[in-house]
Amino acid sequence: MFLESEGDRWYERNAAVLEAFDPDQDLPLRLVDLYRVEAASALEVGAATGARLAALGARGCRRLVAVEPSLAAIAEGRRRHPGIEFRRALVTDMDLGEQFDLVVAHYVLHWVDRGALLTAVAAIDRCVRDGGFLIVGDFCPATPARVPYHHLPAGVYTWKQPYHEIWTASGLYRVVAGLTGTSPRALDPRAAEHERGGVWLLRKSLVDHYVEAALPPGVGPRSSGDR
């Protein structure tokens, strides 16, 4: 739906908000600044016009790649930010063939069909280098919820759950920090449970965090003939 029409419609409804983007109020950028995340390369999934990536460029990031389904958003992004490489794709279909120091997926996964969720997670993971950072922001109620999407016919939903837990459950990502609030841009400890959103800074480590355990006494390496 996003490739066919809804991506452009979403952009048209939110163009004014995107144009008023304030890096000082952006929660993913706040995490980047608070924890001094240094990234020479960055990818944003669902980047719209690339304003957040442009702000990362102003912080010294040299390689900037945006994945976005809306042709209208991409056209405006290329006009505003010629230093960003835009690619049109859904998160489930992106195959960039490279890894990045920082990957951002902010309020993207609640759109993804449940049958494609783990495909999306795997596609994002492939883009994060070992030792790199992943920022995941989305709705995060304690109980997973499906919400009718009122801009489309009945039977279409958005899906709310704490998505960062999918990566941490793998054992390959650890939480560096998290911020929660009532929207993608506001921090508020009084947020109702069903309204809560959050953003997490995760760091990827494939093997270095594993504790090496000694073999039990009397057990040695198997020979090539062992089965």
# chains A, B, ... in the order shown; residues from 1 in each chain; ligands from 1

$ residues_around --residues "A:Ser205" --least-positions-apart "3" --cutoff "7 Å" --atoms "only C-alpha atoms" --output "list in words"
Asp130, Gly131, Leu172, Tyr173, Asp208 and His209 of chain A

$ write_last_selection --atoms "N, CA and C atoms" --output "PDB file, in the first residue's frame"
ATOM      1  N   ASP A 130      29.090  -4.876  12.790  1.00  0.00           N
ATOM      2  CA  ASP A 130      29.475  -5.345  14.113  1.00  0.00           C
ATOM      3  C   ASP A 130      30.153  -4.200  14.867  1.00  0.00           C
ATOM      4  N   GLY A 131      29.646  -3.870  16.038  1.00  0.00           N
ATOM      5  CA  GLY A 131      30.148  -2.729  16.797  1.00  0.00           C
ATOM      6  C   GLY A 131      29.414  -1.442  16.497  1.00  0.00           C
ATOM      7  N   LEU A 172      22.469 -10.283  20.483  1.00  0.00           N
ATOM      8  CA  LEU A 172      23.490  -9.629  19.670  1.00  0.00           C
ATOM      9  C   LEU A 172      23.449  -8.105  19.806  1.00  0.00           C
ATOM     10  N   TYR A 173      22.473  -7.574  20.514  1.00  0.00           N
ATOM     11  CA  TYR A 173      22.356  -6.136  20.731  1.00  0.00           C
ATOM     12  C   TYR A 173      22.148  -5.878  22.221  1.00  0.00           C
ATOM     13  N   ASP A 208      32.032 -10.514  20.907  1.00  0.00           N
ATOM     14  CA  ASP A 208      32.916 -10.028  21.972  1.00  0.00           C
ATOM     15  C   ASP A 208      32.287 -10.063  23.357  1.00  0.00           C
ATOM     16  N   HIS A 209      30.960 -10.010  23.439  1.00  0.00           N
ATOM     17  CA  HIS A 209      30.309  -9.970  24.744  1.00  0.00           C
ATOM     18  C   HIS A 209      30.061 -11.356  25.324  1.00  0.00           C
TER      19      HIS A 209
END

$ residues_around --residues "A:Val108" --least-positions-apart "4" --cutoff "8 Å" --atoms "only C-alpha atoms" --output "compact mmCIF listing (two decimals) with N, CA and C atoms, in the first residue's frame"
# COMPACT_ATOMS: atom_id res chain seq x y z
N VAL A 45 15.94 4.29 7.67
CA VAL A 45 14.83 3.57 7.04
C VAL A 45 13.56 4.36 7.29
N GLY A 46 12.82 4.66 6.22
CA GLY A 46 11.66 5.53 6.37
C GLY A 46 12.08 6.95 6.64
N VAL A 112 4.50 -2.28 9.49
CA VAL A 112 4.88 -3.50 8.76
C VAL A 112 3.89 -4.62 9.04
N GLY A 137 12.89 3.54 17.26
CA GLY A 137 11.85 4.28 17.96
C GLY A 137 10.49 3.86 17.47
N ASP A 138 9.52 3.76 18.39
CA ASP A 138 8.16 3.39 17.97
C ASP A 138 7.25 3.44 19.20

$ atom_distance --atom1 "atom CA of A:Val147" --atom2 "atom CA of A:Asp188"
22.1 Å

$ residues_around --residues "A:Pro141" --least-positions-apart "5" --cutoff "10 Å" --atoms "only C-alpha atoms" --output "PyMOL selection string"
chain A and resi 160-162+192-198

$ atom_distance --atom1 "atom CA of A:Pro28" --atom2 "atom CA of A:Val199"
6.7 Å

$ residues_around --residues "A:Val207" --least-positions-apart "3" --cutoff "10 Å" --atoms "only C-alpha atoms" --output "list in words"
Asp130, Gly171, Leu172, Lys204, Tyr210, Val211 and Glu212 of chain A

$ write_last_selection --atoms "C-alpha atoms" --output "short mmCIF file (atom, residue, chain, number, x, y, z; two decimals), in the first residue's frame"
data_model
loop_
_atom_site.label_atom_id
_atom_site.label_comp_id
_atom_site.auth_asym_id
_atom_site.auth_seq_id
_atom_site.Cartn_x
_atom_site.Cartn_y
_atom_site.Cartn_z
CA ASP A 130 29.48 -5.34 14.11
CA GLY A 171 21.65 -11.59 22.35
CA LEU A 172 23.49 -9.63 19.67
CA LYS A 204 25.57 -4.54 18.07
CA TYR A 210 30.11 -13.75 25.05
CA VAL A 211 31.85 -15.16 28.14
CA GLU A 212 34.15 -18.01 27.20
#

$ residues_around --residues "stretch 58-66 of chain A" --least-positions-apart "4" --cutoff "10 Å" --atoms "only C-alpha atoms" --output "PyMOL selection string"
chain A and resi 29+32-33+37-50+52-54+74+77+83-89+96+100-104

$ select_by_dssp --residues "stretch 52-216 of chain A" --states "strand (DSSP E)" --output "PyMOL selection string"
chain A and resi 63-68+85-88+100-106+128-139+145-148+157-160+173-181+197-204

$ residues_around --residues "A:His151" --least-positions-apart "4" --cutoff "12 Å" --atoms "only C-alpha atoms" --output "list in words"
Met1, Ser5, Glu6, Gly7, Arg9, Trp10, Arg13, Val147, Gly155, Val156, Tyr157 and Thr158 of chain A

$ write_last_selection --atoms "N, CA and C atoms" --output "tab-separated table (two decimals), in the first residue's frame"
chain	number	residue	atom	x	y	z
A	1	MET	N	0.82	-1.21	0.00
A	1	MET	CA	0.00	0.00	0.00
A	1	MET	C	0.86	1.26	0.00
A	5	SER	N	0.43	3.91	-3.07
A	5	SER	CA	-0.25	5.20	-2.90
A	5	SER	C	-0.09	5.81	-1.51
A	6	GLU	N	-0.12	4.99	-0.48
A	6	GLU	CA	-0.21	5.56	0.87
A	6	GLU	C	1.06	6.27	1.30
A	7	GLY	N	2.20	5.88	0.75
A	7	GLY	CA	3.44	6.59	1.08
A	7	GLY	C	3.35	8.06	0.69
A	9	ARG	N	0.57	9.77	0.09
A	9	ARG	CA	-0.51	10.40	0.84
A	9	ARG	C	-0.07	10.74	2.26
A	10	TRP	N	0.66	9.82	2.89
A	10	TRP	CA	1.19	10.11	4.23
A	10	TRP	C	2.09	11.33	4.19
A	13	ARG	N	0.10	14.56	3.88
A	13	ARG	CA	-0.57	14.95	5.13
A	13	ARG	C	0.41	15.50	6.16
A	147	VAL	N	-4.17	-1.33	15.98
A	147	VAL	CA	-5.02	-0.14	15.94
A	147	VAL	C	-5.52	0.06	14.51
A	155	GLY	N	-10.00	-3.12	8.23
A	155	GLY	CA	-9.16	-4.30	8.08
A	155	GLY	C	-7.69	-4.00	7.94
A	156	VAL	N	-7.32	-2.71	7.87
A	156	VAL	CA	-5.92	-2.31	7.83
A	156	VAL	C	-5.54	-1.77	9.21
A	157	TYR	N	-4.42	-2.25	9.75
A	157	TYR	CA	-4.04	-1.91	11.12
A	157	TYR	C	-2.60	-1.38	11.17
A	158	THR	N	-2.32	-0.64	12.22
A	158	THR	CA	-0.94	-0.43	12.66
A	158	THR	C	-0.74	-1.27	13.91

$ residues_around --residues "stretch 91-95 of chain A" --least-positions-apart "3" --cutoff "10 Å" --atoms "only C-alpha atoms" --output "PyMOL selection string"
chain A and resi 45-46+67-69+87-88+98+105+108-109+112-113+116-124+126-127

$ atom_distance --atom1 "atom CA of A:Leu71" --atom2 "atom CA of A:Leu18"
15.2 Å

$ closest_residue --among "A:Ile166, A:Ala191, A:Arg129, A:Leu56" --to "A:Leu206" --atoms "only C-alpha atoms"
A:Arg129

$ closest_residue --among "A:Asp22, A:Val17, A:Arg203, A:Tyr107" --to "A:Trp159" --atoms "only C-alpha atoms"
A:Tyr107

$ select_by_dssp --residues "stretch 11-213 of chain A" --states "helix (DSSP H, G or I)" --output "VMD selection string"
chain A and resid 11 to 19 23 to 25 27 to 34 51 to 58 71 to 80 109 to 111 114 to 126 164 to 169 193 to 195

$ closest_residue --among "A:Val136, A:Leu152, A:Ala142, A:Ala51" --to "A:Gly178" --atoms "only C-alpha atoms"
A:Val136

$ closest_residue --among "A:Leu134, A:Leu3, A:Ala145, A:Ala72" --to "A:Arg174" --atoms "only C-alpha atoms"
A:Leu134
